[in-house]
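> A single structure is presented below for examination.
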Amino acid sequence: MCGIIGYSGPLEAKRLLIEGLAGLEYRGYDSAGIAFFDTVSQVRLVKQVGKVAALKETCEKLQGSSHCGIGHTRWATHGGVTNANAHPHQAGRITLIHNGIIENYHQLTEEFGLQDKLVSQTDSEVAAHVLDHFYKDDPFTAIQELVRRSEGSYAFCILFADRPGEVYAIRKTSPLVAAYTHSGALIASDLTALIPYTHSYFVVPEGELVRLTPYKVQTYRLDDLSKTQPETMTVNWNMDAAMKNGFPHFMLKEIHEQPEAMKNTVLPRLSKGLPDLSEDGIPDALFLSCSQVHIVACGTAMHAGMVARTIMEPLLRIPVTVTIASEFRYQQPLIDEDTLVIVISQSGETVDTIAAMGLAKAYGSKTLAIVNVKGSTIARESQYVLYTHAGPEIAVASTKAYSVQLAALYLITCRMALVRGRYTNEQAVTFLQEFLDVIPAMEDMIRRKDEMKAVVSHIINSPDAFFIGRGLDYAFSLEGALKLKEISYIHSEAYAAGELKHGTIALISDKVPVIAIATQDDIFAKSMSNVREVKARGAFVILVTKEGKDVSADLADVHITIPAVQDIFTVFPIAVVLQLIAYYASLGKGLDVDQPRNLAKSVTVE
Ligand code: AGP
C-alpha cells in the first residue's frame with residue numbers, strides 16, 4: 001500500500017511530485033523518494049527514510065527545473081526501512097517505483113543472475129533489473145517481457161533514461177488512476193494526488209500500458225499495443241475534503257464529519273420514509289432470493305459486519321456469517337448461487353477483500369459491495385455496489401467510514417426485511433425514523449468530547465486495556481479495541497463479557513482499565529454482573545450506558561452515558577465515544593494520530 005505519482009507537463013515536477021506524495025502519505029510513510037529528468041535530460045534521484053516533509057527539505061536545495069518525474073511513499077513489504085530500500089529503484093537505464101508484491105522475485109533474481117547486483121532487499125529492484133535486461137530501446141516490448149515474467153501484484157511507474165519527458169505505467173491488482181489536465185499528464189495510486197488538478201480521471205485498466213507525455217495520456221492494450229480509451233469518471237470531492245480544514249488531525253475532522261456523512265449516505269436512499277436502493281441499481285430480487293448472507297471484509301469494515309450480523313439474523317431469520325477476508329479467500333466456504341455475499345471496504349482496494357470477492361463470484365454467489373471510493377477495484381468488480389458518501393477518509397484509523405458502512409448495512413437490512421415480509425411498511429418507516437434519531441445523538445457525543453478526553457489519563461499508562469460487552473455491545477467493543485490499539489499502541493482486546501470468567505479474567509488486576517459497554521436493555525443486568533466481576537478484581541471501570549441508567553459509584557469509576565436511542569441504534573453514538581477515547585489516548589501519548597507506526601490506510605498487499 002505505497003503511494004505512487006507520475007507527472008509530465010509544464011509545471012515544476014519536483015514540487016508537484018512532493019506535493020502529490022504529501023497527499024498520498026497516508027498510504028505508507030516509512031520512506032519516500034522522487035526521480036526526475038533534469039534540465040539536461042538526465043534522470044536525477046532523491047530518496048530517503050522518513051516522511052515526505054524531510055524529502056521536501058532535501059529537494060528544495062536542488063538546483064534546476066524539471067518537468068517529468070515519478071514519486072513514491074513506502075510501506076515496507078520486502079526489506080527494512082532504509083535509504084537503499086526506499087523507492088525509486090534504478091537498474092541501467094531504468095528508474096522505477098512499485099506498489100505491490102512480486103511474488104517470484106527470488107526466482108527472477110536467480111534467473112537473471114542478480115545476486116551480486118542488488119543494492120536493496122526489495123522485490124521492486126529485481127523488477128527494475130529484469131526490465132533493464134529486456135530494454136533494447138523499446139519501452140513497450142520491455143514492459144511486456146517484465147509483465148510476462150512477474151507473478152503477484154504491481155503498479156509500476158517507469159522512467160527510461162533515454163526517453164525524457166515520458167512516464168510509463170502498468171498495473172495488476174494494485175490501483176492506478178490517471179488524467180490529462182491543464183497542468184499536464186498525471187498518474188497516481190489514488191485520487192488525492194489528482195484532485196488539485198482535475199475532477200475527471202480514469203482508472204487505469206488492469207494490464208494496460210500507459211504512456212504519459214507533456215501533451216497526452218495514452219493507454220494501450222498489452223498484447224497488440226492497440227490504443228484504448230478508458231471510461232472517464234468524475235469525482236465530487238474537493239481539495240478541502242482532503243485537507244484538515246483547521247482540525248489538528250484528520251482523524252478528529254473525520255469524527256466530526258460523521259453526522260454529515262450519515263445524512264449524505266442515508267437521506268438520498270429514502271422515498272416516502274421507506275428504504276429505496278433503486279437508484280443504486282440494487283434489485284429487490286437480490287434480497288428476496290438469497291437463503292443466506294455472507295459478509296466478508298477486513299479490520300474496521302469487518303467489525304461493521306459483526307454489528308450488522310447481530311441485527312440481521314434476529315430480524316431476517318436467515319443465516320448471516322461474517323468472515324475475515326484473508327481467511328475467507330483460502331477456505332471452501334459453504335456458499336452458492338443463493339448466497340448474498342456483502343463485501344465491505346472503505347478504500348475498495350484491500351487486496352484480501354478483492355480476492356475474497358473473486359472467490360465468492362467463483363462459487364456463483366451474488367456480490368454486493370459497500371464502498372466509499374468511487375470507481376475503486378471492488379466497486380468495479382462487484383455485481384452490485386452501494387456507495388457510502390463519507391468523502392475521502394485520510395486518517396489511517398477509520399471512523400466515518402465505519403459509521404456509514406453501518407448506515408448502509410442498516411438500510412440493506414431494512415430493505416431486506418421489507419421485501420421478505422419481515423417488516424410492514426409502517427415498521428420499516430418507524431425503523432428508519434428511529435435510525436435517523438441517531439444523528440443528533442452522534443452530534444451530542446461529539447459536543448461532549450471533553451468527557452472522553454478526561455478518561456484517557458486512566459488508560460494511557462496501562463500496557464493493556466479490555467473492552468467488554470454482550471451481544472451488540474460486544475460487536476461494538478471489537479471496533480473500540482482496534483481503534484485504541486492501532487493509534488495508542490496499548491494492547492487492547494475486546495471480550496464477550498460473559499466469556500471473561502472462562503480464563504481472560506485472570507488478566508484483570510488492580511487498575512487495569514476495562515471499558516464496559518452496556519447499552520442493551522434486555523441484557524443490562526447480566527452485563528452489570530460482569531462489570532462487578534472485573535471491579536471486584538481491581539479493574540478501573542469506564543462504563544458506557546444509555547442515559548437514565550442508575551449505576552452505583554462503587555461499580556464504575558467513570559460513567560459515560562449516551563442518549564437513550566433504541567438498543568439496535570446505540571452503535572452510532574457509541575462509535576463516537578470509542579473513537580474519541582482512542583483519539584485522545586493517542587494524543588495523550590504524543591503519538592502520530594493520523595499515521596500510526598507500521599500501518600497504512602489501504603492494504604493493497606497480502
Ligand atoms: C481501521 O481503522 C484500519 N485502518 C483497517 O483495519 C481498515 O479498516 C482495513 O484495512 C480495511 O480497509 P478497507 O475498508 O479500505 O478495506
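Letters A, B, ... go to the chains of the C-alpha cells in the order shown; residues in each chain start at 1; ligands are counted from 1 in the same order.
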Considering only C-alpha atoms and all ligand atoms, tabulate each residue of chain A that lies at most 6 Å from ligand 1 along with its nearest interatomic pair and the corresponding distance in Å to one decimal; arrange the rows by chain and ascending residue number and present them as a tab-separated table.

```
residue	atom	partner	partner_atom_place_in_ligand_line	distance
A:Cys298	CA	ligand 1	11 (C)	4.6
A:Gly299	CA	ligand 1	6 (O)	3.2
A:Thr300	CA	ligand 1	8 (O)	3.8
A:Ala301	CA	ligand 1	14 (O)	5.0
A:Ser345	CA	ligand 1	14 (O)	3.5
A:Gln346	CA	ligand 1	14 (O)	3.6
A:Ser347	CA	ligand 1	15 (O)	3.6
A:Gly348	CA	ligand 1	15 (O)	5.7
A:Thr350	CA	ligand 1	16 (O)	4.6
A:Val396	CA	ligand 1	4 (N)	4.7
A:Ala397	CA	ligand 1	2 (O)	3.4
A:Ser398	CA	ligand 1	2 (O)	3.8
A:Lys483	CA	ligand 1	2 (O)	5.9
A:Lys601	CA	ligand 1	4 (N)	5.5
A:Ser602	CA	ligand 1	15 (O)	5.2
A:Val603	CA	ligand 1	10 (O)	5.6
```
> Hey, what's within 7 Å of Leu222 in chain A if we count only C-alpha atoms and toss same-chain stuff fewer than 3 positions away? As an MDAnalysis selection string, please?
chainID A and resid 144 207:209 225
> If we count only C-alpha atoms and set the cut-off at 9 Å, which residues sit around Phe572 in chain A, ignoring sequence neighbours fewer than 2 positions away in its own chain? Please answer as a PyMOL selection string.
chain A and resi 403+406-407+438-439+441-442+569-570+574-576
> Sorted by chain and rising residue number, which residues of range 105-188 of chain A lie within 12 Å of range 75-95 of chain A, and what are their closest atom pairs and distances in Å to one decimal, counting only C-alpha atoms, as CSV?

```
residue,atom,partner,partner_atom,distance
A:Tyr105,CA,A:His78,CA,10.3
A:His106,CA,A:His78,CA,11.4
A:Leu114,CA,A:Ala91,CA,10.7
A:Lys117,CA,A:Ala91,CA,9.0
A:Leu118,CA,A:Ala91,CA,9.0
A:Val119,CA,A:Ala84,CA,6.6
A:Ser120,CA,A:Asn85,CA,5.1
A:Gln121,CA,A:Gly79,CA,4.9
A:Thr122,CA,A:His78,CA,5.0
A:Asp123,CA,A:His78,CA,6.6
A:Ser124,CA,A:His89,CA,7.0
A:Glu125,CA,A:His89,CA,5.4
A:Val126,CA,A:Ala91,CA,8.7
A:Ala127,CA,A:Ala91,CA,9.1
A:Ala128,CA,A:Ala91,CA,5.6
A:His129,CA,A:Ala91,CA,5.1
A:Val130,CA,A:Ala91,CA,8.6
A:Leu131,CA,A:Ile94,CA,7.2
A:Asp132,CA,A:Ile94,CA,5.8
A:His133,CA,A:Gly92,CA,8.6
A:Phe134,CA,A:Ile94,CA,10.5
A:Tyr135,CA,A:Arg93,CA,8.2
A:Lys136,CA,A:Arg93,CA,10.1
A:Asp137,CA,A:Arg93,CA,9.7
A:Asp138,CA,A:Arg93,CA,11.8
A:Pro139,CA,A:Ile94,CA,9.9
A:Ala142,CA,A:Ile94,CA,10.6
A:Ile143,CA,A:Ile94,CA,11.0
A:Phe156,CA,A:Thr95,CA,10.2
A:Cys157,CA,A:Thr95,CA,8.5
A:Ile158,CA,A:Thr95,CA,5.7
A:Leu159,CA,A:Thr95,CA,5.1
A:Phe160,CA,A:Ile94,CA,5.1
A:Ala161,CA,A:Arg93,CA,4.9
A:Asp162,CA,A:Arg93,CA,7.3
A:Arg163,CA,A:Arg93,CA,9.6
A:Pro164,CA,A:Arg93,CA,11.4
A:Glu166,CA,A:Thr95,CA,11.8
A:Val167,CA,A:Thr95,CA,10.1
A:Tyr168,CA,A:Thr95,CA,10.5
A:Ala169,CA,A:Thr95,CA,11.8
```
> Do a neighbour search on Thr39 in chain A at 7 Å with only C-alpha atoms, toss out local chain neighbours closer than 5 positions, and write the hits as a PyMOL selection string.
chain A and resi 64-66
> How would you write, as a PyMOL selection string, the set of residues in range 322-558 of chain A that DSSP gives as strand (DSSP E)?
chain A and resi 322-324+339-345+366-371+384-387+464-469+491-496+513-518+540-546+558
> Please indicate the distance in Å from CA of Glu393 in chain A to CA of Val266 in chain A, rounded to one decimal place.
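Taking CA of Glu393 in chain A and CA of Val266 in chain A, their separation equals 17.9 Å.
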> Which residues of range 322-392 of chain A sit at most 12 Å from range 183-205 of chain A, using only C-alpha atoms? Give each one's shortest atom pair and distance in Å (one decimal place), in chain and ascending residue order, as a tab-separated table.

```
residue	atom	partner	partner_atom	distance
A:Ser347	CA	A:Asp190	CA	9.6
A:Gly348	CA	A:Asp190	CA	11.0
A:Glu349	CA	A:Asp190	CA	10.0
A:Val373	CA	A:Leu191	CA	9.2
A:Lys374	CA	A:Leu191	CA	9.9
A:Gly375	CA	A:Val203	CA	7.1
A:Ser376	CA	A:Val203	CA	8.0
A:Thr377	CA	A:Val203	CA	8.9
A:Ala379	CA	A:Val203	CA	11.6
A:Arg380	CA	A:Val203	CA	9.9
A:Glu381	CA	A:Pro205	CA	11.9
A:Gly391	CA	A:Thr192	CA	11.1
A:Pro392	CA	A:Thr192	CA	8.1
```
> Can you tell me, as a compact mmCIF listing (two decimals) with all heavy atoms, in the first residue's frame, what residues are no more than 10 Å from Ala32 in chain A when counting only C-alpha atoms, ignoring any on the same chain fewer than 2 positions away?

```
# COMPACT_ATOMS: atom_id res chain seq x y z
N CYS A 2 1.65 1.43 -1.00
CA CYS A 2 2.51 2.60 -1.12
C CYS A 2 1.76 3.68 -1.90
O CYS A 2 0.74 3.42 -2.51
CB CYS A 2 3.77 2.21 -1.86
SG CYS A 2 4.61 0.83 -1.08
N GLY A 3 2.33 4.88 -1.82
CA GLY A 3 1.79 5.99 -2.62
C GLY A 3 2.66 6.18 -3.85
O GLY A 3 3.88 6.15 -3.76
N ILE A 4 2.01 6.33 -4.97
CA ILE A 4 2.74 6.45 -6.26
C ILE A 4 2.21 7.65 -7.01
O ILE A 4 1.01 7.92 -7.00
CB ILE A 4 2.46 5.18 -7.09
CG1 ILE A 4 3.42 4.05 -6.71
CG2 ILE A 4 2.55 5.45 -8.56
CD1 ILE A 4 3.33 2.84 -7.59
N ILE A 18 6.36 16.17 -4.94
CA ILE A 18 6.42 16.21 -3.48
C ILE A 18 5.04 16.54 -2.90
O ILE A 18 4.56 15.90 -1.96
CB ILE A 18 7.45 17.27 -3.01
CG1 ILE A 18 8.86 16.86 -3.42
CG2 ILE A 18 7.35 17.51 -1.51
CD1 ILE A 18 9.50 15.81 -2.58
N LEU A 21 2.94 13.51 -3.19
CA LEU A 21 3.30 12.49 -2.19
C LEU A 21 2.75 12.86 -0.82
O LEU A 21 2.32 12.00 -0.05
CB LEU A 21 4.82 12.33 -2.13
CG LEU A 21 5.50 11.69 -3.34
CD1 LEU A 21 7.00 11.57 -3.10
CD2 LEU A 21 4.89 10.32 -3.66
N ALA A 22 2.72 14.15 -0.53
CA ALA A 22 2.18 14.57 0.78
C ALA A 22 0.72 14.16 0.90
O ALA A 22 0.26 13.73 1.95
CB ALA A 22 2.32 16.08 0.93
N GLU A 25 0.62 10.32 1.43
CA GLU A 25 1.45 9.79 2.51
C GLU A 25 0.69 8.85 3.42
O GLU A 25 1.24 7.96 4.05
CB GLU A 25 2.04 10.94 3.32
CG GLU A 25 3.20 10.52 4.18
CD GLU A 25 3.99 11.71 4.70
OE1 GLU A 25 3.41 12.80 4.85
OE2 GLU A 25 5.19 11.53 4.95
N GLY A 28 1.30 5.13 3.12
CA GLY A 28 2.54 4.48 3.55
C GLY A 28 3.57 5.58 3.76
O GLY A 28 3.65 6.50 2.96
N TYR A 29 4.32 5.46 4.86
CA TYR A 29 5.16 6.62 5.19
C TYR A 29 6.46 6.21 5.87
O TYR A 29 6.93 6.89 6.77
CB TYR A 29 4.37 7.61 6.05
CG TYR A 29 3.33 6.96 6.94
CD1 TYR A 29 3.65 6.45 8.19
CD2 TYR A 29 2.02 6.80 6.50
CE1 TYR A 29 2.70 5.82 8.99
CE2 TYR A 29 1.06 6.17 7.29
CZ TYR A 29 1.40 5.68 8.53
OH TYR A 29 0.44 5.07 9.30
N ASP A 30 7.01 5.04 5.50
CA ASP A 30 8.31 4.66 6.07
C ASP A 30 9.41 5.53 5.48
O ASP A 30 10.35 5.93 6.13
CB ASP A 30 8.65 3.21 5.68
CG ASP A 30 7.63 2.21 6.23
OD1 ASP A 30 7.08 2.48 7.30
OD2 ASP A 30 7.39 1.20 5.55
N ILE A 34 11.83 10.64 -4.99
CA ILE A 34 11.41 11.05 -6.34
C ILE A 34 12.56 10.85 -7.32
O ILE A 34 13.73 10.79 -6.91
CB ILE A 34 10.94 12.54 -6.39
CG1 ILE A 34 12.11 13.49 -6.08
CG2 ILE A 34 9.75 12.79 -5.50
CD1 ILE A 34 11.77 14.96 -6.35
N VAL A 46 16.31 11.23 -5.77
CA VAL A 46 16.47 11.59 -4.35
C VAL A 46 15.51 10.73 -3.54
O VAL A 46 14.31 10.71 -3.82
CB VAL A 46 16.11 13.08 -4.10
CG1 VAL A 46 16.36 13.45 -2.64
CG2 VAL A 46 16.87 13.98 -5.03
N LYS A 47 16.07 9.97 -2.59
CA LYS A 47 15.19 9.13 -1.77
C LYS A 47 15.80 8.98 -0.38
O LYS A 47 17.01 9.00 -0.21
CB LYS A 47 14.97 7.77 -2.42
CG LYS A 47 16.21 6.91 -2.57
CD LYS A 47 15.85 5.58 -3.21
CE LYS A 47 17.04 4.63 -3.29
NZ LYS A 47 16.66 3.30 -3.80
N GLN A 48 14.91 8.86 0.63
CA GLN A 48 15.41 8.79 2.00
C GLN A 48 14.36 8.24 2.95
O GLN A 48 13.15 8.33 2.67
CB GLN A 48 15.85 10.18 2.47
CG GLN A 48 14.75 11.23 2.42
CD GLN A 48 15.29 12.64 2.60
OE1 GLN A 48 16.10 13.14 1.81
NE2 GLN A 48 14.84 13.30 3.66
N VAL A 49 14.85 7.71 4.06
CA VAL A 49 13.96 7.25 5.13
C VAL A 49 13.29 8.48 5.74
O VAL A 49 13.86 9.56 5.76
CB VAL A 49 14.79 6.50 6.21
CG1 VAL A 49 13.97 6.27 7.46
CG2 VAL A 49 15.30 5.18 5.64
N GLY A 50 12.07 8.30 6.20
CA GLY A 50 11.36 9.39 6.87
C GLY A 50 10.19 9.89 6.05
O GLY A 50 9.87 9.36 4.98
N LYS A 51 9.58 10.91 6.54
CA LYS A 51 8.35 11.42 5.94
C LYS A 51 8.62 12.30 4.73
O LYS A 51 9.76 12.73 4.49
CB LYS A 51 7.58 12.23 7.00
CG LYS A 51 7.18 11.41 8.23
CD LYS A 51 5.74 11.04 8.19
CE LYS A 51 5.31 10.19 9.37
NZ LYS A 51 4.21 10.77 10.13
N VAL A 52 7.57 12.60 4.03
CA VAL A 52 7.67 13.42 2.82
C VAL A 52 8.22 14.80 3.16
O VAL A 52 8.99 15.40 2.39
CB VAL A 52 6.29 13.52 2.15
CG1 VAL A 52 6.31 14.53 1.01
CG2 VAL A 52 5.85 12.15 1.64
N ALA A 53 7.90 15.30 4.34
CA ALA A 53 8.39 16.65 4.73
C ALA A 53 9.92 16.69 4.71
O ALA A 53 10.52 17.68 4.26
CB ALA A 53 7.87 17.00 6.12
N ALA A 54 10.55 15.61 5.13
CA ALA A 54 12.03 15.56 5.13
C ALA A 54 12.55 15.52 3.70
O ALA A 54 13.51 16.21 3.35
CB ALA A 54 12.47 14.32 5.91
N LEU A 55 11.88 14.74 2.86
CA LEU A 55 12.28 14.69 1.44
C LEU A 55 12.13 16.06 0.80
O LEU A 55 12.98 16.51 0.03
CB LEU A 55 11.42 13.66 0.71
CG LEU A 55 11.68 13.50 -0.79
CD1 LEU A 55 13.04 12.84 -1.03
CD2 LEU A 55 10.58 12.68 -1.47
N LYS A 56 11.07 16.75 1.19
CA LYS A 56 10.82 18.09 0.62
C LYS A 56 11.96 19.04 0.96
O LYS A 56 12.46 19.76 0.11
CB LYS A 56 9.50 18.63 1.20
CG LYS A 56 9.11 19.99 0.67
CD LYS A 56 7.80 20.49 1.25
CE LYS A 56 7.45 21.86 0.65
NZ LYS A 56 6.45 22.57 1.48
N GLY A 71 7.27 9.69 -8.22
CA GLY A 71 7.48 9.79 -6.76
C GLY A 71 6.81 8.65 -6.03
O GLY A 71 5.85 8.05 -6.55
N HIS A 72 7.30 8.35 -4.84
CA HIS A 72 6.85 7.14 -4.11
C HIS A 72 6.94 7.33 -2.60
O HIS A 72 7.92 7.88 -2.09
CB HIS A 72 7.75 5.97 -4.53
CG HIS A 72 7.35 4.63 -3.98
ND1 HIS A 72 7.73 4.20 -2.73
CD2 HIS A 72 6.61 3.64 -4.51
CE1 HIS A 72 7.24 2.99 -2.51
NE2 HIS A 72 6.55 2.61 -3.57
N THR A 73 5.89 6.94 -1.88
CA THR A 73 5.99 6.82 -0.41
C THR A 73 5.82 5.34 -0.10
O THR A 73 4.98 4.66 -0.70
CB THR A 73 4.84 7.58 0.33
OG1 THR A 73 3.61 7.09 -0.16
CG2 THR A 73 4.95 9.06 0.10
N ARG A 74 6.64 4.85 0.84
CA ARG A 74 6.75 3.39 1.01
C ARG A 74 6.10 2.89 2.30
O ARG A 74 6.24 3.51 3.35
CB ARG A 74 8.22 3.01 1.01
CG ARG A 74 8.49 1.51 1.11
CD ARG A 74 9.96 1.19 0.91
NE ARG A 74 10.20 -0.27 0.93
CZ ARG A 74 10.94 -0.88 1.86
NH1 ARG A 74 11.51 -0.18 2.84
NH2 ARG A 74 11.11 -2.19 1.83
N TRP A 75 5.43 1.75 2.18
CA TRP A 75 5.06 0.93 3.34
C TRP A 75 5.79 -0.37 3.11
O TRP A 75 5.50 -1.12 2.18
CB TRP A 75 3.55 0.71 3.41
CG TRP A 75 3.13 -0.03 4.63
CD1 TRP A 75 2.89 0.48 5.88
CD2 TRP A 75 2.91 -1.45 4.74
NE1 TRP A 75 2.54 -0.52 6.74
CE2 TRP A 75 2.54 -1.71 6.09
CE3 TRP A 75 2.98 -2.52 3.86
CZ2 TRP A 75 2.25 -2.99 6.56
CZ3 TRP A 75 2.69 -3.80 4.32
CH2 TRP A 75 2.34 -4.02 5.65
N ASN A 83 17.40 3.70 3.40
CA ASN A 83 17.51 4.51 2.18
C ASN A 83 17.60 3.60 0.95
O ASN A 83 16.98 3.85 -0.07
CB ASN A 83 18.73 5.42 2.24
CG ASN A 83 18.51 6.59 3.21
OD1 ASN A 83 17.39 6.84 3.64
ND2 ASN A 83 19.59 7.26 3.57
N ASN A 85 16.40 0.69 0.48
CA ASN A 85 15.12 0.02 0.15
C ASN A 85 14.03 1.00 -0.27
O ASN A 85 13.00 0.59 -0.77
CB ASN A 85 14.63 -0.80 1.35
CG ASN A 85 15.49 -2.04 1.58
OD1 ASN A 85 16.16 -2.52 0.67
ND2 ASN A 85 15.49 -2.55 2.81
N ALA A 86 14.30 2.29 -0.05
CA ALA A 86 13.31 3.30 -0.49
C ALA A 86 13.22 3.28 -2.01
O ALA A 86 14.16 2.84 -2.71
CB ALA A 86 13.70 4.68 0.02
N HIS A 87 12.09 3.73 -2.51
CA HIS A 87 11.92 3.86 -3.98
C HIS A 87 12.16 5.32 -4.34
O HIS A 87 12.00 6.19 -3.48
CB HIS A 87 10.49 3.49 -4.40
CG HIS A 87 10.09 2.10 -4.12
ND1 HIS A 87 9.27 1.36 -4.94
CD2 HIS A 87 10.38 1.28 -3.09
CE1 HIS A 87 9.07 0.17 -4.42
NE2 HIS A 87 9.73 0.10 -3.31
N PRO A 88 12.49 5.61 -5.61
CA PRO A 88 12.63 4.75 -6.80
C PRO A 88 13.88 3.86 -6.76
O PRO A 88 14.83 4.16 -6.05
CB PRO A 88 12.73 5.76 -7.95
CG PRO A 88 12.17 7.03 -7.41
CD PRO A 88 12.52 7.03 -5.96
```
> Residues near Pro596 in chain A, anyone? I mean within 10 Å using only C-alpha atoms, not counting same-chain ones fewer than 3 positions away, as a VMD selection string.
chain A and resid 26 29 395 to 397 486 to 489 586 591 to 593 599 to 601
